[in-house]
>>> print(open('upload27.cif').read())   # mmCIF, all heavy atoms
data_run
loop_
_atom_site.label_atom_id
_atom_site.label_comp_id
_atom_site.auth_asym_id
_atom_site.auth_seq_id
_atom_site.Cartn_x
_atom_site.Cartn_y
_atom_site.Cartn_z
N MET W 1 0.84 -1.16 0.00
CA MET W 1 0.00 0.00 0.00
C MET W 1 0.89 1.23 0.00
O MET W 1 1.83 1.33 0.76
CB MET W 1 -0.86 -0.04 1.26
CG MET W 1 -1.71 1.15 1.45
SD MET W 1 -2.73 0.87 2.90
CE MET W 1 -2.82 2.50 3.50
N SER W 2 0.63 2.18 -0.86
CA SER W 2 1.37 3.43 -0.86
C SER W 2 0.41 4.58 -1.14
O SER W 2 -0.54 4.44 -1.88
CB SER W 2 2.52 3.42 -1.83
OG SER W 2 2.23 2.71 -2.97
N THR W 3 0.70 5.69 -0.55
CA THR W 3 -0.13 6.87 -0.71
C THR W 3 0.75 8.04 -1.11
O THR W 3 1.63 8.43 -0.36
CB THR W 3 -0.84 7.22 0.62
OG1 THR W 3 -1.56 6.08 1.05
CG2 THR W 3 -1.78 8.39 0.44
N PRO W 4 0.53 8.58 -2.32
CA PRO W 4 1.33 9.74 -2.72
C PRO W 4 0.89 10.98 -1.94
O PRO W 4 -0.27 11.14 -1.63
CB PRO W 4 1.04 9.89 -4.21
CG PRO W 4 -0.19 9.11 -4.47
CD PRO W 4 -0.35 8.12 -3.36
N VAL W 5 1.84 11.82 -1.63
CA VAL W 5 1.55 13.09 -0.95
C VAL W 5 1.86 14.19 -1.94
O VAL W 5 2.97 14.29 -2.44
CB VAL W 5 2.43 13.23 0.32
CG1 VAL W 5 2.22 14.60 0.95
CG2 VAL W 5 2.14 12.11 1.30
N ASP W 6 0.87 15.00 -2.25
CA ASP W 6 1.04 16.07 -3.24
C ASP W 6 1.47 17.35 -2.54
O ASP W 6 0.73 17.94 -1.76
CB ASP W 6 -0.26 16.29 -4.00
CG ASP W 6 -0.08 17.24 -5.17
OD1 ASP W 6 1.06 17.44 -5.61
OD2 ASP W 6 -1.09 17.78 -5.64
N THR W 7 2.71 17.75 -2.80
CA THR W 7 3.25 18.98 -2.24
C THR W 7 3.62 19.88 -3.40
O THR W 7 4.49 19.53 -4.20
CB THR W 7 4.50 18.68 -1.38
OG1 THR W 7 4.16 17.72 -0.39
CG2 THR W 7 5.01 19.94 -0.72
N PRO W 8 2.97 21.04 -3.52
CA PRO W 8 3.29 21.94 -4.64
C PRO W 8 4.78 22.26 -4.70
O PRO W 8 5.41 22.57 -3.70
CB PRO W 8 2.47 23.19 -4.32
CG PRO W 8 1.37 22.72 -3.43
CD PRO W 8 1.96 21.58 -2.63
N GLY W 9 5.35 22.12 -5.90
CA GLY W 9 6.75 22.46 -6.11
C GLY W 9 7.73 21.39 -5.67
O GLY W 9 8.92 21.58 -5.74
N ALA W 10 7.25 20.26 -5.19
CA ALA W 10 8.14 19.18 -4.73
C ALA W 10 7.76 17.89 -5.43
O ALA W 10 6.66 17.74 -5.95
CB ALA W 10 8.02 19.02 -3.22
N GLU W 11 8.70 16.97 -5.44
CA GLU W 11 8.42 15.65 -6.00
C GLU W 11 7.41 14.93 -5.10
O GLU W 11 7.35 15.17 -3.90
CB GLU W 11 9.70 14.83 -6.08
CG GLU W 11 10.71 15.36 -7.06
CD GLU W 11 11.93 14.48 -7.14
OE1 GLU W 11 11.82 13.26 -6.92
OE2 GLU W 11 13.00 15.02 -7.42
N SER W 12 6.64 14.01 -5.68
CA SER W 12 5.70 13.23 -4.89
C SER W 12 6.46 12.31 -3.95
O SER W 12 7.51 11.78 -4.28
CB SER W 12 4.81 12.38 -5.80
OG SER W 12 3.97 13.22 -6.56
N PHE W 13 5.94 12.15 -2.77
CA PHE W 13 6.52 11.26 -1.77
C PHE W 13 5.64 10.04 -1.64
O PHE W 13 4.43 10.15 -1.47
CB PHE W 13 6.63 11.97 -0.42
CG PHE W 13 7.10 11.08 0.69
CD1 PHE W 13 8.43 10.74 0.80
CD2 PHE W 13 6.20 10.58 1.61
CE1 PHE W 13 8.88 9.93 1.82
CE2 PHE W 13 6.63 9.76 2.64
CZ PHE W 13 7.96 9.43 2.75
N ILE W 14 6.23 8.86 -1.78
CA ILE W 14 5.48 7.61 -1.65
C ILE W 14 6.10 6.81 -0.52
O ILE W 14 7.32 6.61 -0.49
CB ILE W 14 5.51 6.80 -2.97
CG1 ILE W 14 4.83 7.61 -4.07
CG2 ILE W 14 4.81 5.47 -2.78
CD1 ILE W 14 4.90 6.98 -5.43
N HIS W 15 5.28 6.37 0.40
CA HIS W 15 5.75 5.58 1.53
C HIS W 15 5.07 4.22 1.49
O HIS W 15 3.93 4.06 1.91
CB HIS W 15 5.43 6.29 2.85
CG HIS W 15 6.00 5.58 4.02
ND1 HIS W 15 5.25 4.73 4.79
CD2 HIS W 15 7.25 5.58 4.54
CE1 HIS W 15 6.02 4.24 5.76
NE2 HIS W 15 7.23 4.74 5.62
N PRO W 16 5.76 3.19 0.95
CA PRO W 16 5.14 1.87 0.88
C PRO W 16 5.12 1.20 2.25
O PRO W 16 5.98 1.44 3.10
CB PRO W 16 6.05 1.10 -0.09
CG PRO W 16 7.34 1.83 -0.08
CD PRO W 16 7.06 3.25 0.31
N ALA W 17 4.11 0.38 2.45
CA ALA W 17 4.00 -0.41 3.69
C ALA W 17 4.11 -1.89 3.35
O ALA W 17 3.67 -2.31 2.28
CB ALA W 17 2.67 -0.13 4.38
N LEU W 18 4.71 -2.65 4.23
CA LEU W 18 4.84 -4.09 4.04
C LEU W 18 4.11 -4.79 5.17
O LEU W 18 4.41 -4.58 6.34
CB LEU W 18 6.31 -4.51 4.04
CG LEU W 18 6.58 -6.01 4.04
CD1 LEU W 18 6.13 -6.64 2.73
CD2 LEU W 18 8.05 -6.30 4.29
N PHE W 19 3.13 -5.59 4.80
CA PHE W 19 2.43 -6.42 5.77
C PHE W 19 2.99 -7.82 5.65
O PHE W 19 3.10 -8.35 4.55
CB PHE W 19 0.92 -6.40 5.51
CG PHE W 19 0.33 -5.03 5.65
CD1 PHE W 19 0.13 -4.22 4.54
CD2 PHE W 19 -0.01 -4.54 6.90
CE1 PHE W 19 -0.40 -2.96 4.67
CE2 PHE W 19 -0.54 -3.27 7.05
CZ PHE W 19 -0.73 -2.47 5.93
N TYR W 20 3.36 -8.40 6.77
CA TYR W 20 3.99 -9.73 6.73
C TYR W 20 3.61 -10.52 7.97
O TYR W 20 3.19 -9.96 8.98
CB TYR W 20 5.51 -9.60 6.64
CG TYR W 20 6.12 -8.89 7.84
CD1 TYR W 20 6.59 -9.61 8.93
CD2 TYR W 20 6.23 -7.50 7.88
CE1 TYR W 20 7.13 -8.97 10.04
CE2 TYR W 20 6.77 -6.86 8.97
CZ TYR W 20 7.22 -7.60 10.04
OH TYR W 20 7.74 -6.97 11.14
N ARG W 21 3.75 -11.82 7.86
CA ARG W 21 3.51 -12.72 8.97
C ARG W 21 4.72 -13.63 9.10
O ARG W 21 4.90 -14.55 8.31
CB ARG W 21 2.26 -13.55 8.70
CG ARG W 21 1.81 -14.37 9.90
CD ARG W 21 0.51 -15.08 9.65
NE ARG W 21 -0.52 -14.06 9.42
CZ ARG W 21 -1.63 -14.28 8.73
NH1 ARG W 21 -1.86 -15.45 8.20
NH2 ARG W 21 -2.51 -13.32 8.56
N GLY W 22 5.59 -13.31 10.02
CA GLY W 22 6.77 -14.13 10.27
C GLY W 22 8.00 -13.68 9.51
O GLY W 22 7.95 -12.85 8.59
N ALA W 23 9.12 -14.26 9.92
CA ALA W 23 10.43 -13.87 9.37
C ALA W 23 10.53 -14.15 7.88
O ALA W 23 11.10 -13.35 7.13
CB ALA W 23 11.54 -14.60 10.12
N GLU W 24 10.01 -15.28 7.43
CA GLU W 24 10.13 -15.65 6.01
C GLU W 24 9.44 -14.61 5.12
O GLU W 24 10.00 -14.17 4.11
CB GLU W 24 9.54 -17.04 5.78
CG GLU W 24 9.77 -17.56 4.38
CD GLU W 24 9.27 -18.99 4.22
OE1 GLU W 24 9.52 -19.82 5.11
OE2 GLU W 24 8.64 -19.26 3.18
N GLU W 25 8.23 -14.21 5.47
CA GLU W 25 7.52 -13.21 4.68
C GLU W 25 8.21 -11.85 4.78
O GLU W 25 8.25 -11.10 3.80
CB GLU W 25 6.07 -13.09 5.13
CG GLU W 25 5.20 -14.23 4.68
CD GLU W 25 3.73 -14.02 5.03
OE1 GLU W 25 3.31 -12.89 5.34
OE2 GLU W 25 2.99 -15.01 5.01
N TYR W 26 8.74 -11.53 5.95
CA TYR W 26 9.45 -10.26 6.13
C TYR W 26 10.66 -10.19 5.20
O TYR W 26 10.85 -9.21 4.49
CB TYR W 26 9.88 -10.10 7.59
CG TYR W 26 10.65 -8.84 7.84
CD1 TYR W 26 10.00 -7.62 7.90
CD2 TYR W 26 12.03 -8.87 7.99
CE1 TYR W 26 10.71 -6.44 8.11
CE2 TYR W 26 12.74 -7.70 8.21
CZ TYR W 26 12.08 -6.49 8.26
OH TYR W 26 12.78 -5.34 8.47
N LEU W 27 11.46 -11.24 5.20
CA LEU W 27 12.64 -11.26 4.34
C LEU W 27 12.27 -11.28 2.87
O LEU W 27 12.92 -10.62 2.06
CB LEU W 27 13.52 -12.46 4.69
CG LEU W 27 14.18 -12.39 6.07
CD1 LEU W 27 14.87 -13.70 6.40
CD2 LEU W 27 15.14 -11.22 6.17
N ALA W 28 11.21 -12.00 2.51
CA ALA W 28 10.77 -12.05 1.11
C ALA W 28 10.32 -10.68 0.62
O ALA W 28 10.45 -10.36 -0.56
CB ALA W 28 9.64 -13.07 0.95
N GLY W 29 9.81 -9.86 1.53
CA GLY W 29 9.33 -8.53 1.14
C GLY W 29 10.38 -7.44 1.22
O GLY W 29 10.24 -6.41 0.57
N THR W 30 11.45 -7.66 1.99
CA THR W 30 12.44 -6.61 2.17
C THR W 30 13.75 -6.84 1.42
O THR W 30 14.29 -5.91 0.83
CB THR W 30 12.77 -6.43 3.67
OG1 THR W 30 13.18 -7.68 4.22
CG2 THR W 30 11.57 -5.90 4.44
N VAL W 31 14.24 -8.03 1.44
CA VAL W 31 15.56 -8.31 0.85
C VAL W 31 15.61 -7.99 -0.65
O VAL W 31 16.55 -7.32 -1.10
CB VAL W 31 16.03 -9.74 1.17
CG1 VAL W 31 17.27 -10.11 0.37
CG2 VAL W 31 16.28 -9.88 2.67
N PRO W 32 14.64 -8.42 -1.45
CA PRO W 32 14.71 -8.06 -2.87
C PRO W 32 14.67 -6.55 -3.10
O PRO W 32 15.35 -6.04 -3.98
CB PRO W 32 13.46 -8.73 -3.48
CG PRO W 32 13.16 -9.85 -2.55
CD PRO W 32 13.52 -9.35 -1.18
N PHE W 33 13.91 -5.84 -2.30
CA PHE W 33 13.82 -4.38 -2.40
C PHE W 33 15.17 -3.74 -2.09
O PHE W 33 15.65 -2.87 -2.83
CB PHE W 33 12.74 -3.87 -1.44
CG PHE W 33 12.55 -2.39 -1.47
CD1 PHE W 33 11.81 -1.79 -2.47
CD2 PHE W 33 13.11 -1.59 -0.48
CE1 PHE W 33 11.64 -0.41 -2.49
CE2 PHE W 33 12.94 -0.22 -0.49
CZ PHE W 33 12.20 0.37 -1.50
N ILE W 34 15.81 -4.20 -1.03
CA ILE W 34 17.12 -3.67 -0.63
C ILE W 34 18.17 -4.00 -1.68
O ILE W 34 18.94 -3.14 -2.11
CB ILE W 34 17.53 -4.22 0.75
CG1 ILE W 34 16.60 -3.67 1.83
CG2 ILE W 34 18.99 -3.88 1.06
CD1 ILE W 34 16.71 -4.37 3.17
N ARG W 35 18.19 -5.24 -2.13
CA ARG W 35 19.19 -5.66 -3.13
C ARG W 35 19.00 -4.92 -4.45
O ARG W 35 19.97 -4.60 -5.13
CB ARG W 35 19.15 -7.17 -3.32
CG ARG W 35 19.80 -7.90 -2.17
CD ARG W 35 20.25 -9.30 -2.56
NE ARG W 35 21.12 -9.82 -1.53
CZ ARG W 35 20.93 -10.96 -0.90
NH1 ARG W 35 19.89 -11.71 -1.21
NH2 ARG W 35 21.77 -11.37 0.03
N SER W 36 17.76 -4.67 -4.81
CA SER W 36 17.49 -3.93 -6.05
C SER W 36 18.06 -2.52 -5.97
O SER W 36 18.67 -2.03 -6.93
CB SER W 36 15.98 -3.87 -6.28
OG SER W 36 15.67 -3.09 -7.40
N GLY W 37 17.88 -1.86 -4.85
CA GLY W 37 18.45 -0.53 -4.67
C GLY W 37 19.96 -0.54 -4.71
O GLY W 37 20.59 0.31 -5.35
N LEU W 38 20.55 -1.52 -4.04
CA LEU W 38 22.02 -1.64 -4.04
C LEU W 38 22.54 -1.89 -5.46
O LEU W 38 23.54 -1.29 -5.87
CB LEU W 38 22.46 -2.76 -3.10
CG LEU W 38 22.21 -2.53 -1.61
CD1 LEU W 38 22.52 -3.79 -0.82
CD2 LEU W 38 23.03 -1.35 -1.10
N ALA W 39 21.88 -2.78 -6.19
CA ALA W 39 22.31 -3.12 -7.55
C ALA W 39 22.22 -1.91 -8.48
O ALA W 39 23.01 -1.79 -9.42
CB ALA W 39 21.48 -4.27 -8.09
N ALA W 40 21.27 -1.02 -8.20
CA ALA W 40 21.10 0.18 -9.02
C ALA W 40 22.04 1.30 -8.59
O ALA W 40 22.01 2.39 -9.17
CB ALA W 40 19.65 0.65 -8.95
N GLY W 41 22.84 1.05 -7.57
CA GLY W 41 23.75 2.08 -7.09
C GLY W 41 23.07 3.16 -6.27
O GLY W 41 23.61 4.23 -6.07
N GLU W 42 21.86 2.87 -5.80
CA GLU W 42 21.11 3.83 -4.99
C GLU W 42 21.53 3.75 -3.53
O GLU W 42 21.90 2.68 -3.05
CB GLU W 42 19.60 3.52 -5.09
CG GLU W 42 19.02 3.67 -6.48
CD GLU W 42 18.94 5.12 -6.92
OE1 GLU W 42 18.82 6.01 -6.06
OE2 GLU W 42 19.00 5.36 -8.12
N PRO W 43 21.45 4.85 -2.82
CA PRO W 43 21.70 4.78 -1.38
C PRO W 43 20.54 4.03 -0.73
O PRO W 43 19.39 4.20 -1.11
CB PRO W 43 21.72 6.24 -0.94
CG PRO W 43 21.05 7.01 -2.01
CD PRO W 43 21.19 6.21 -3.28
N VAL W 44 20.84 3.19 0.23
CA VAL W 44 19.82 2.40 0.91
C VAL W 44 19.97 2.59 2.41
O VAL W 44 21.07 2.42 2.95
CB VAL W 44 19.95 0.89 0.57
CG1 VAL W 44 18.95 0.06 1.34
CG2 VAL W 44 19.78 0.66 -0.93
N ALA W 45 18.90 2.98 3.06
CA ALA W 45 18.89 3.13 4.52
C ALA W 45 17.82 2.20 5.07
O ALA W 45 16.73 2.08 4.49
CB ALA W 45 18.57 4.56 4.91
N VAL W 46 18.13 1.53 6.14
CA VAL W 46 17.19 0.60 6.77
C VAL W 46 17.02 1.02 8.23
O VAL W 46 18.00 1.11 8.96
CB VAL W 46 17.69 -0.85 6.68
CG1 VAL W 46 16.75 -1.79 7.41
CG2 VAL W 46 17.86 -1.28 5.24
N ALA W 47 15.79 1.28 8.63
CA ALA W 47 15.49 1.63 10.02
C ALA W 47 14.38 0.70 10.49
O ALA W 47 13.21 0.90 10.16
CB ALA W 47 15.06 3.09 10.12
N VAL W 48 14.75 -0.33 11.19
CA VAL W 48 13.80 -1.34 11.67
C VAL W 48 14.16 -1.72 13.09
O VAL W 48 15.28 -1.48 13.55
CB VAL W 48 13.81 -2.59 10.75
CG1 VAL W 48 13.37 -2.24 9.34
CG2 VAL W 48 15.17 -3.24 10.72
N PRO W 49 13.23 -2.35 13.81
CA PRO W 49 13.55 -2.82 15.15
C PRO W 49 14.70 -3.83 15.14
O PRO W 49 14.91 -4.53 14.14
CB PRO W 49 12.25 -3.49 15.63
CG PRO W 49 11.17 -2.88 14.77
CD PRO W 49 11.83 -2.59 13.45
N GLY W 50 15.44 -3.89 16.24
CA GLY W 50 16.62 -4.75 16.36
C GLY W 50 16.47 -6.17 15.86
O GLY W 50 17.31 -6.65 15.10
N PRO W 51 15.41 -6.89 16.26
CA PRO W 51 15.27 -8.27 15.79
C PRO W 51 15.16 -8.37 14.27
O PRO W 51 15.70 -9.28 13.65
CB PRO W 51 14.00 -8.76 16.47
CG PRO W 51 13.88 -7.92 17.70
CD PRO W 51 14.41 -6.57 17.29
N ASN W 52 14.46 -7.41 13.65
CA ASN W 52 14.35 -7.42 12.18
C ASN W 52 15.67 -7.06 11.53
O ASN W 52 16.02 -7.59 10.47
CB ASN W 52 13.25 -6.47 11.73
CG ASN W 52 11.87 -6.97 12.06
OD1 ASN W 52 11.70 -8.01 12.69
ND2 ASN W 52 10.86 -6.25 11.64
N LEU W 53 16.42 -6.16 12.15
CA LEU W 53 17.73 -5.81 11.63
C LEU W 53 18.66 -7.02 11.66
O LEU W 53 19.41 -7.26 10.71
CB LEU W 53 18.33 -4.65 12.42
CG LEU W 53 19.67 -4.11 11.93
CD1 LEU W 53 19.56 -3.64 10.49
CD2 LEU W 53 20.13 -2.98 12.83
N ALA W 54 18.59 -7.80 12.71
CA ALA W 54 19.41 -9.03 12.80
C ALA W 54 19.04 -9.99 11.68
O ALA W 54 19.93 -10.61 11.07
CB ALA W 54 19.22 -9.69 14.16
N LEU W 55 17.76 -10.12 11.37
CA LEU W 55 17.34 -10.98 10.26
C LEU W 55 17.93 -10.49 8.94
O LEU W 55 18.44 -11.29 8.14
CB LEU W 55 15.82 -11.01 10.14
CG LEU W 55 15.02 -11.74 11.20
CD1 LEU W 55 13.53 -11.46 11.03
CD2 LEU W 55 15.29 -13.24 11.13
N LEU W 56 17.84 -9.19 8.72
CA LEU W 56 18.34 -8.62 7.46
C LEU W 56 19.85 -8.78 7.36
O LEU W 56 20.37 -9.14 6.30
CB LEU W 56 17.95 -7.15 7.35
CG LEU W 56 16.48 -6.88 7.10
CD1 LEU W 56 16.17 -5.40 7.22
CD2 LEU W 56 16.05 -7.41 5.75
N ARG W 57 20.55 -8.51 8.45
CA ARG W 57 22.01 -8.65 8.42
C ARG W 57 22.41 -10.09 8.11
O ARG W 57 23.35 -10.32 7.34
CB ARG W 57 22.61 -8.23 9.75
CG ARG W 57 22.69 -6.74 9.92
CD ARG W 57 23.34 -6.37 11.23
NE ARG W 57 23.62 -4.95 11.26
CZ ARG W 57 23.79 -4.26 12.36
NH1 ARG W 57 23.73 -4.87 13.54
NH2 ARG W 57 24.05 -2.98 12.30
N ALA W 58 21.72 -11.05 8.70
CA ALA W 58 22.05 -12.46 8.45
C ALA W 58 21.76 -12.83 7.00
O ALA W 58 22.52 -13.58 6.38
CB ALA W 58 21.22 -13.35 9.39
N GLU W 59 20.70 -12.28 6.44
CA GLU W 59 20.34 -12.62 5.05
C GLU W 59 21.19 -11.89 4.03
O GLU W 59 21.55 -12.46 3.00
CB GLU W 59 18.86 -12.28 4.83
CG GLU W 59 18.30 -12.72 3.51
CD GLU W 59 18.17 -14.24 3.37
OE1 GLU W 59 18.12 -14.94 4.38
OE2 GLU W 59 18.11 -14.69 2.21
N LEU W 60 21.53 -10.64 4.29
CA LEU W 60 22.27 -9.82 3.31
C LEU W 60 23.77 -10.04 3.36
O LEU W 60 24.47 -9.76 2.39
CB LEU W 60 21.95 -8.34 3.52
CG LEU W 60 20.53 -7.92 3.17
CD1 LEU W 60 20.25 -6.52 3.68
CD2 LEU W 60 20.29 -8.01 1.68
N GLY W 61 24.28 -10.51 4.48
CA GLY W 61 25.72 -10.72 4.59
C GLY W 61 26.49 -9.43 4.34
O GLY W 61 26.18 -8.40 4.90
N ALA W 62 27.48 -9.48 3.47
CA ALA W 62 28.34 -8.32 3.19
C ALA W 62 27.61 -7.22 2.42
O ALA W 62 28.09 -6.09 2.36
CB ALA W 62 29.57 -8.77 2.42
N ASP W 63 26.48 -7.55 1.80
CA ASP W 63 25.74 -6.52 1.06
C ASP W 63 25.30 -5.44 2.00
O ASP W 63 25.19 -4.30 1.69
CB ASP W 63 24.50 -7.11 0.37
CG ASP W 63 24.89 -8.01 -0.79
OD1 ASP W 63 26.04 -7.97 -1.24
OD2 ASP W 63 24.00 -8.76 -1.25
#
>>> encode(input="upload27.cif", output="C-alpha cells")
Amino acid sequence: MSTPVDTPGAESFIHPALFYRGAEEYLAGTVPFIRSGLAAGEPVAVAVPGPNLALLRAELGAD
C-alpha cells in the first residue's frame, strides 16, 4: 500500500508499507527491495527494530 503526498513544487513522496507474517515473509518482502536498490547504485537506509535488523544482516551478509 502506498499513498502519494502532493506537495506543490516538490516531488511526490510515496511511503510503501509491508504487511507480513513471520520472518520468512518479512525477508521475502524486504531483501529483494534492498538488493534492487544496491544493484542500481542507490543509497539504501534501513530503520527497523533490532530483531528485524538481525534478520536482514544475516540474510544480506556483506551486502
>>> residues_around(input="upload27.cif", residues="region 34-47 of chain W", least_positions_apart="4", cutoff="5 Å", atoms="all heavy atoms", output="list in words")
Thr30, Leu53, Leu56, Glu59, Leu60 and Asp63 of chain W
>>> select_by_dssp(input="upload27.cif", residues="chain W", states="strand (DSSP E or B)", output="PyMOL selection string")
chain W and resi 4-5+13-14
>>> atom_distance(input="upload27.cif", atom1="CE1 of Tyr26 (chain W)", atom2="atom O of Pro51 (chain W)")
8.0 Å
>>> atom_distance(input="upload27.cif", atom1="CB of Ala58 (chain W)", atom2="CE2 of Phe19 (chain W)")
24.1 Å
>>> atom_distance(input="upload27.cif", atom1="NH2 of Arg57 (chain W)", atom2="atom N of Phe13 (chain W)")
28.0 Å
>>> select_by_dssp(input="upload27.cif", residues="chain W", states="alpha helix (DSSP H)", output="VMD selection string")
chain W and resid 23 to 39 50 to 60
